[in-house]
$ cat work.pdb   # PDB, C-alpha atoms
ATOM      1  CA  ALA A   1      13.008 -10.188 -10.089
ATOM      2  CA  ARG A   2      11.815  -8.156 -13.030
ATOM      3  CA  SER A   3       8.353  -8.769 -14.447
ATOM      4  CA  PRO A   4       7.492  -7.354 -17.886
ATOM      5  CA  LEU A   5       3.917  -6.123 -18.135
ATOM      6  CA  THR A   6       1.940  -7.623 -21.007
ATOM      7  CA  THR A   7      -1.372  -5.797 -20.545
ATOM      8  CA  GLU A   8      -2.738  -2.270 -20.652
ATOM      9  CA  ILE A   9      -1.689  -0.027 -17.750
ATOM     10  CA  GLU A  10      -4.509   2.020 -16.203
ATOM     11  CA  THR A  11      -2.537   4.189 -13.780
ATOM     12  CA  ILE A  12       0.728   4.421 -11.812
ATOM     13  CA  THR A  13       1.276   5.896  -8.355
ATOM     14  CA  GLN A  14       4.210   6.362  -6.001
ATOM     15  CA  SER A  15       4.305   5.539  -2.277
ATOM     16  CA  LEU A  16       4.263   8.476   0.126
ATOM     17  CA  ASP A  17       7.963   8.011   0.920
ATOM     18  CA  GLY A  18       8.834   7.933  -2.789
ATOM     19  CA  LYS A  19      10.587   4.572  -2.545
ATOM     20  CA  GLU A  20       8.041   2.327  -4.269
ATOM     21  CA  ILE A  21       5.905   2.294  -7.417
ATOM     22  CA  TRP A  22       2.468   0.701  -7.809
ATOM     23  CA  VAL A  23       1.123  -0.141 -11.276
ATOM     24  CA  ALA A  24      -2.569  -0.846 -11.946
ATOM     25  CA  THR A  25      -3.344  -3.000 -14.992
ATOM     26  CA  LEU A  26      -6.427  -3.820 -17.016
ATOM     27  CA  GLU A  27      -6.211  -7.613 -16.732
ATOM     28  CA  GLN A  28      -3.240  -8.638 -14.567
ATOM     29  CA  GLY A  29      -3.999  -6.999 -11.231
ATOM     30  CA  LEU A  30      -1.573  -4.795  -9.297
ATOM     31  CA  PHE A  31       2.235  -4.729  -9.530
ATOM     32  CA  HIS A  32       4.395  -3.397  -6.687
ATOM     33  CA  TYR A  33       7.930  -2.297  -7.670
ATOM     34  CA  SER A  34      10.949  -0.645  -6.133
ATOM     35  CA  THR A  35      12.020   2.593  -7.833
ATOM     36  CA  GLU A  36      14.878   0.567  -9.373
ATOM     37  CA  GLY A  37      12.301  -1.537 -11.237
ATOM     38  CA  GLU A  38      12.562  -4.687  -9.138
ATOM     39  CA  LEU A  39       9.256  -6.485  -8.619
ATOM     40  CA  ILE A  40       8.350  -6.635  -4.910
ATOM     41  CA  LYS A  41       4.960  -8.322  -5.238
ATOM     42  CA  HIS A  42       2.269  -9.031  -7.823
ATOM     43  CA  TYR A  43      -1.251  -8.855  -6.352
ATOM     44  CA  LYS A  44      -4.049 -10.772  -8.102
ATOM     45  CA  ARG A  45      -7.588 -11.803  -7.303
ATOM     46  CA  SER A  46      -6.239 -15.103  -5.973
ATOM     47  CA  ASP A  47      -4.206 -13.067  -3.426
ATOM     48  CA  GLY A  48      -7.309 -11.316  -2.102
ATOM     49  CA  LEU A  49      -7.422  -8.366  -4.517
ATOM     50  CA  ALA A  50     -11.030  -7.512  -5.426
ATOM     51  CA  ASP A  51     -10.405  -8.016  -9.161
ATOM     52  CA  ASN A  52      -7.604  -8.159 -11.746
ATOM     53  CA  ASN A  53      -9.137  -5.200 -13.620
ATOM     54  CA  VAL A  54      -7.710  -2.280 -11.601
ATOM     55  CA  ARG A  55      -8.944   1.193 -12.575
ATOM     56  CA  ASP A  56      -7.441   3.626 -10.062
ATOM     57  CA  LEU A  57      -5.047   3.890  -7.090
ATOM     58  CA  LYS A  58      -4.887   6.374  -4.228
ATOM     59  CA  PHE A  59      -2.793   6.554  -1.043
ATOM     60  CA  ASP A  60      -4.570   8.000   1.993
ATOM     61  CA  ARG A  61      -2.887  10.153   4.636
ATOM     62  CA  THR A  62      -1.877   7.149   6.721
ATOM     63  CA  GLY A  63      -0.124   5.456   3.798
ATOM     64  CA  ARG A  64      -2.768   2.847   3.039
ATOM     65  CA  LEU A  65      -3.304   2.143  -0.656
ATOM     66  CA  TRP A  66      -6.896   2.181  -1.943
ATOM     67  CA  ILE A  67      -7.526   0.179  -5.110
ATOM     68  CA  ALA A  68     -10.516   0.697  -7.402
ATOM     69  CA  THR A  69     -11.434  -2.390  -9.437
ATOM     70  CA  PHE A  70     -14.350  -3.509 -11.584
ATOM     71  CA  ASP A  71     -15.473  -5.945  -8.899
ATOM     72  CA  GLY A  72     -14.996  -4.124  -5.626
ATOM     73  CA  LEU A  73     -12.763  -1.849  -3.588
ATOM     74  CA  SER A  74      -9.568  -3.095  -1.945
ATOM     75  CA  ARG A  75      -7.211  -1.468   0.553
ATOM     76  CA  ILE A  76      -3.658  -2.550   1.326
ATOM     77  CA  ASP A  77      -1.835  -1.720   4.512
ATOM     78  CA  SER A  78       1.553  -1.803   2.810
ATOM     79  CA  ALA A  79       3.453  -2.266   6.078
ATOM     80  CA  ARG A  80       1.712  -5.594   6.667
ATOM     81  CA  SER A  81       0.542  -6.378   3.100
ATOM     82  CA  ILE A  82      -2.946  -7.120   4.429
ATOM     83  CA  ILE A  83      -5.741  -6.700   1.857
ATOM     84  CA  LYS A  84      -9.244  -5.654   2.882
ATOM     85  CA  THR A  85     -11.995  -5.755   0.257
ATOM     86  CA  TRP A  86     -15.513  -4.308   0.022
ATOM     87  CA  ARG A  87     -18.247  -5.027  -2.544
ATOM     88  CA  TYR A  88     -21.808  -3.885  -3.140
ATOM     89  CA  ASN A  89     -24.195  -5.731  -0.854
ATOM     90  CA  GLN A  90     -27.791  -5.342  -2.015
ATOM     91  CA  GLY A  91     -30.152  -4.483   0.814
ATOM     92  CA  LEU A  92     -27.371  -3.770   3.311
ATOM     93  CA  GLY A  93     -27.162  -0.155   4.408
ATOM     94  CA  GLY A  94     -23.714   1.392   4.512
ATOM     95  CA  SER A  95     -22.243  -0.786   1.744
ATOM     96  CA  LEU A  96     -20.675   0.367  -1.536
ATOM     97  CA  ALA A  97     -23.088   1.910  -4.040
ATOM     98  CA  SER A  98     -21.651  -0.390  -6.730
ATOM     99  CA  SER A  99     -18.809  -2.887  -7.075
ATOM    100  CA  ARG A 100     -17.708  -1.435 -10.443
ATOM    101  CA  ILE A 101     -15.385   1.369  -9.348
ATOM    102  CA  GLN A 102     -13.612   3.857 -11.603
ATOM    103  CA  SER A 103     -12.048   6.665  -9.553
ATOM    104  CA  LEU A 104     -10.756   7.554  -6.075
ATOM    105  CA  MET A 105      -9.964  10.790  -4.253
ATOM    106  CA  GLN A 106      -9.457  11.756  -0.585
ATOM    107  CA  ASP A 107     -10.628  15.155   0.669
ATOM    108  CA  ARG A 108      -9.209  17.403   3.410
ATOM    109  CA  ASP A 109     -11.431  15.813   6.059
ATOM    110  CA  GLY A 110     -10.038  12.361   5.302
ATOM    111  CA  LEU A 111     -13.179  11.168   3.502
ATOM    112  CA  MET A 112     -12.527   8.866   0.537
ATOM    113  CA  TRP A 113     -14.637   9.653  -2.543
ATOM    114  CA  ILE A 114     -15.288   6.600  -4.709
ATOM    115  CA  GLY A 115     -16.643   7.098  -8.226
ATOM    116  CA  THR A 116     -18.574   4.082  -9.515
ATOM    117  CA  TRP A 117     -19.580   2.943 -12.987
ATOM    118  CA  LEU A 118     -23.207   2.137 -12.205
ATOM    119  CA  ASN A 119     -24.458   4.097  -9.186
ATOM    120  CA  GLY A 120     -22.868   7.476  -8.569
ATOM    121  CA  VAL A 121     -20.427   8.051  -5.711
ATOM    122  CA  SER A 122     -19.733   6.229  -2.463
ATOM    123  CA  LEU A 123     -18.228   8.230   0.382
ATOM    124  CA  TYR A 124     -16.137   6.245   2.886
ATOM    125  CA  ILE A 125     -16.467   7.607   6.429
ATOM    126  CA  PRO A 126     -13.325   6.501   8.346
ATOM    127  CA  GLN A 127     -14.802   7.165  11.798
ATOM    128  CA  THR A 128     -17.621   4.655  11.227
ATOM    129  CA  GLU A 129     -16.044   2.578   8.406
ATOM    130  CA  ILE A 130     -19.295   2.671   6.433
ATOM    131  CA  PHE A 131     -20.192   4.124   3.022
ATOM    132  CA  GLN A 132     -22.618   6.919   2.216
ATOM    133  CA  GLU A 133     -24.207   7.044  -1.240
ATOM    134  CA  ILE A 134     -24.545  10.063  -3.526
ATOM    135  CA  THR A 135     -26.527   8.940  -6.580
ATOM    136  CA  SER A 136     -29.047  10.071  -9.180
ATOM    137  CA  GLN A 137     -31.705   8.909  -6.703
ATOM    138  CA  SER A 138     -30.520  11.158  -3.862
ATOM    139  CA  THR A 139     -32.729  13.975  -2.574
ATOM    140  CA  THR A 140     -33.225  17.204  -4.540
ATOM    141  CA  ASN A 141     -30.076  19.346  -4.943
ATOM    142  CA  PHE A 142     -27.931  16.400  -3.843
ATOM    143  CA  ALA A 143     -28.872  14.097  -6.758
ATOM    144  CA  LEU A 144     -26.326  13.543  -9.535
ATOM    145  CA  PRO A 145     -27.480  13.952 -13.172
ATOM    146  CA  ALA A 146     -26.331  10.411 -14.090
ATOM    147  CA  SER A 147     -24.723   7.326 -12.557
ATOM    148  CA  SER A 148     -21.234   6.786 -14.017
ATOM    149  CA  VAL A 149     -18.431   8.853 -12.415
ATOM    150  CA  PRO A 150     -14.954   8.341 -13.963
ATOM    151  CA  GLY A 151     -13.572  11.743 -12.909
ATOM    152  CA  LEU A 152     -13.012  13.071  -9.360
ATOM    153  CA  PHE A 153     -11.103  16.110  -8.123
ATOM    154  CA  VAL A 154     -10.988  17.701  -4.643
ATOM    155  CA  ASP A 155     -10.550  21.472  -4.937
ATOM    156  CA  ASN A 156      -8.653  23.819  -2.623
ATOM    157  CA  ASP A 157     -11.872  24.796  -0.809
ATOM    158  CA  SER A 158     -12.775  21.106  -0.251
ATOM    159  CA  THR A 159     -15.572  21.177  -2.837
ATOM    160  CA  ILE A 160     -15.603  18.314  -5.333
ATOM    161  CA  TRP A 161     -15.596  18.259  -9.114
ATOM    162  CA  LEU A 162     -17.248  15.199 -10.668
ATOM    163  CA  GLY A 163     -16.856  14.075 -14.277
ATOM    164  CA  ILE A 164     -20.048  12.186 -15.137
ATOM    165  CA  LEU A 165     -20.922  10.089 -18.198
ATOM    166  CA  GLU A 166     -24.315   9.708 -19.916
ATOM    167  CA  GLY A 167     -24.495  13.445 -20.603
ATOM    168  CA  GLY A 168     -23.931  14.356 -16.960
ATOM    169  CA  GLY A 169     -21.026  16.645 -17.804
ATOM    170  CA  LEU A 170     -18.931  18.352 -15.127
ATOM    171  CA  VAL A 171     -20.581  18.836 -11.734
ATOM    172  CA  HIS A 172     -19.287  21.100  -8.953
ATOM    173  CA  TYR A 173     -20.434  19.503  -5.681
ATOM    174  CA  ASP A 174     -20.436  20.335  -1.990
ATOM    175  CA  LEU A 175     -21.402  17.932   0.817
ATOM    176  CA  ARG A 176     -23.400  20.605   2.650
ATOM    177  CA  ASN A 177     -25.261  22.092  -0.320
ATOM    178  CA  GLY A 178     -25.212  19.395  -3.005
ATOM    179  CA  VAL A 179     -24.826  20.371  -6.667
ATOM    180  CA  LEU A 180     -23.412  23.919  -6.885
ATOM    181  CA  LYS A 181     -23.164  24.112 -10.674
ATOM    182  CA  ARG A 182     -23.229  21.847 -13.716
ATOM    183  CA  PHE A 183     -21.355  22.304 -17.005
ATOM    184  CA  VAL A 184     -22.403  20.427 -20.160
ATOM    185  CA  ASN A 185     -21.644  20.542 -23.860
ATOM    186  CA  ASN A 186     -23.690  22.949 -25.960
ATOM    187  CA  PHE A 187     -23.217  22.364 -29.675
ATOM    188  CA  ASP A 188     -24.092  25.991 -30.445
ATOM    189  CA  ASP A 189     -21.628  27.414 -27.906
ATOM    190  CA  PRO A 190     -17.917  26.878 -28.778
ATOM    191  CA  THR A 191     -16.905  28.033 -25.268
ATOM    192  CA  SER A 192     -18.919  25.290 -23.549
ATOM    193  CA  LEU A 193     -17.498  22.032 -22.169
ATOM    194  CA  PRO A 194     -16.303  19.722 -24.989
ATOM    195  CA  ALA A 195     -18.369  16.635 -25.666
ATOM    196  CA  GLY A 196     -17.083  13.228 -24.614
ATOM    197  CA  ALA A 197     -16.309  11.418 -21.396
ATOM    198  CA  ILE A 198     -14.367  13.358 -18.759
ATOM    199  CA  GLN A 199     -11.175  11.439 -18.015
ATOM    200  CA  ASN A 200      -9.307  13.713 -15.607
ATOM    201  CA  ILE A 201      -9.651  16.997 -13.695
ATOM    202  CA  VAL A 202      -6.841  19.136 -12.220
ATOM    203  CA  ARG A 203      -6.258  22.740 -11.132
ATOM    204  CA  ASP A 204      -2.965  24.461 -11.987
ATOM    205  CA  LYS A 205      -0.916  26.933  -9.922
ATOM    206  CA  GLN A 206      -2.646  29.848 -11.654
ATOM    207  CA  GLY A 207      -5.999  28.610 -10.363
ATOM    208  CA  ARG A 208      -7.294  27.390 -13.713
ATOM    209  CA  LEU A 209      -9.338  24.177 -13.783
ATOM    210  CA  TRP A 210      -8.347  21.760 -16.555
ATOM    211  CA  VAL A 211     -10.787  19.087 -17.722
ATOM    212  CA  ALA A 212      -9.629  16.266 -20.013
ATOM    213  CA  THR A 213     -12.408  14.830 -22.191
ATOM    214  CA  GLY A 214     -12.603  12.064 -24.775
ATOM    215  CA  SER A 215     -13.075  14.505 -27.663
TER     216      SER A 215
END

$ encode --input "work.pdb" --output "structure tokens"
Amino acid sequence: ARSPLTTEIETITQSLDGKEIWVATLEQGLFHYSTEGELIKHYKRSDGLADNNVRDLKFDRTGRLWIATFDGLSRIDSARSIIKTWRYNQGLGGSLASSRIQSLMQDRDGLMWIGTWLNGVSLYIPQTEIFQEITSQSTTNFALPASSVPGLFVDNDSTIWLGILEGGGLVHYDLRNGVLKRFVNNFDDPTSLPAGAIQNIVRDKQGRLWVATGS
């Protein structure tokens, strides 16, 4: 069956085998399609999805789909269509830093980086299945300049680029050494980072880093 979307689309991703399409929406949850456009399944909160406001999607190396929503993190084992969901649990160590999640990225070591709206980054450790926090309250050199992280990019050397709101700018980060460098807008310097929220970060084949901002 075909299902026309009647809400804003946040992102689209393709399965690792290239045979299926997943569409994240602002209000109607997650749509799973064949590449011919046939609806396979529509996932909503009532189906176990963390929330109908889906912000980002990322497949890990094993083919599991991670789903960032504004009320928790979900993961679908597409082979069995089983949904697992995590939310922030105040006072419980190893839980998500925040349930309002904006961005996802997996690094070379298999760690899943989770950018939140309210409390920095959560790092999912697959060996222990717990979360490690990287926030503005972390120890010196490892602390982020602000709490909202809509942009994540894993570089070729496994360092991380973080796009941070509230004047945080662009932060180059390493798990061993913390913040390596920070780039912010300087009104008097036309070569500085543009003002506005960082929406996306990529590196091209020539090695140049591209940063999409809201202005």

$ residues_around --input "work.pdb" --residues "Ser95 in chain A" --least-positions-apart "6" --cutoff "7 Å" --atoms "only C-alpha atoms" --output "number ranges by chain"
A: 88-89, 130-131

$ closest_residue --input "work.pdb" --among "A:Lys44, A:Lys19, A:Asp155, A:Thr135" --to "Asp204 in chain A" --atoms "all atoms listed in the file"
A:Asp155

$ closest_residue --input "work.pdb" --among "A:Phe187, A:Tyr43, A:Trp117, A:Tyr173" --to "Ala146 in chain A" --atoms "all atoms listed in the file"
A:Trp117

$ residues_around --input "work.pdb" --residues "Ser98 in chain A" --least-positions-apart "3" --cutoff "10 Å" --atoms "only C-alpha atoms" --output "list of chain:residue names"
A:Phe70, A:Asp71, A:Gly72, A:Leu73, A:Trp86, A:Arg87, A:Tyr88, A:Asn89, A:Gln90, A:Ser95, A:Ile101, A:Ile114, A:Gly115, A:Thr116, A:Trp117, A:Leu118, A:Asn119, A:Gly120, A:Val121, A:Ser122, A:Glu133

$ write_last_selection --input "work.pdb" --atoms "C-alpha atoms" --output "tab-separated table (two decimals), in the frame of the given file"
chain	number	residue	atom	x	y	z
A	70	PHE	CA	-14.35	-3.51	-11.58
A	71	ASP	CA	-15.47	-5.94	-8.90
A	72	GLY	CA	-15.00	-4.12	-5.63
A	73	LEU	CA	-12.76	-1.85	-3.59
A	86	TRP	CA	-15.51	-4.31	0.02
A	87	ARG	CA	-18.25	-5.03	-2.54
A	88	TYR	CA	-21.81	-3.88	-3.14
A	89	ASN	CA	-24.20	-5.73	-0.85
A	90	GLN	CA	-27.79	-5.34	-2.02
A	95	SER	CA	-22.24	-0.79	1.74
A	101	ILE	CA	-15.38	1.37	-9.35
A	114	ILE	CA	-15.29	6.60	-4.71
A	115	GLY	CA	-16.64	7.10	-8.23
A	116	THR	CA	-18.57	4.08	-9.52
A	117	TRP	CA	-19.58	2.94	-12.99
A	118	LEU	CA	-23.21	2.14	-12.20
A	119	ASN	CA	-24.46	4.10	-9.19
A	120	GLY	CA	-22.87	7.48	-8.57
A	121	VAL	CA	-20.43	8.05	-5.71
A	122	SER	CA	-19.73	6.23	-2.46
A	133	GLU	CA	-24.21	7.04	-1.24

$ axis_aligned_box --input "work.pdb" --around "range 203-215 of chain A" --padding-each-side "6 Å" --output "AutoDock Vina command-line options"
--center_x -7.0 --center_y 21.0 --center_z -18.8 --size_x 24.2 --size_y 29.8 --size_z 29.7

$ residues_around --input "work.pdb" --residues "Val54 in chain A" --least-positions-apart "3" --cutoff "10 Å" --atoms "all atoms listed in the file" --output "PyMOL selection string"
chain A and resi 9-11+23-30+44+49-51+57+67-74+101-102

$ atom_distance --input "work.pdb" --atom1 "CA of Ile76 in chain A" --atom2 "CA of Ser15 in chain A"
11.9 Å

$ atom_distance --input "work.pdb" --atom1 "CA of His172 in chain A" --atom2 "CA of Asn200 in chain A"
14.1 Å

$ atom_distance --input "work.pdb" --atom1 "CA of Arg108 in chain A" --atom2 "CA of Ile83 in chain A"
24.4 Å

$ closest_residue --input "work.pdb" --among "A:Ile164, A:Val171, A:Leu123, A:Val154" --to "Asn141 in chain A" --atoms "all atoms listed in the file"
A:Val171

$ closest_residue --input "work.pdb" --among "A:Asp109, A:Gln137, A:Gln14, A:Gly151" --to "Leu175 in chain A" --atoms "all atoms listed in the file"
A:Asp109
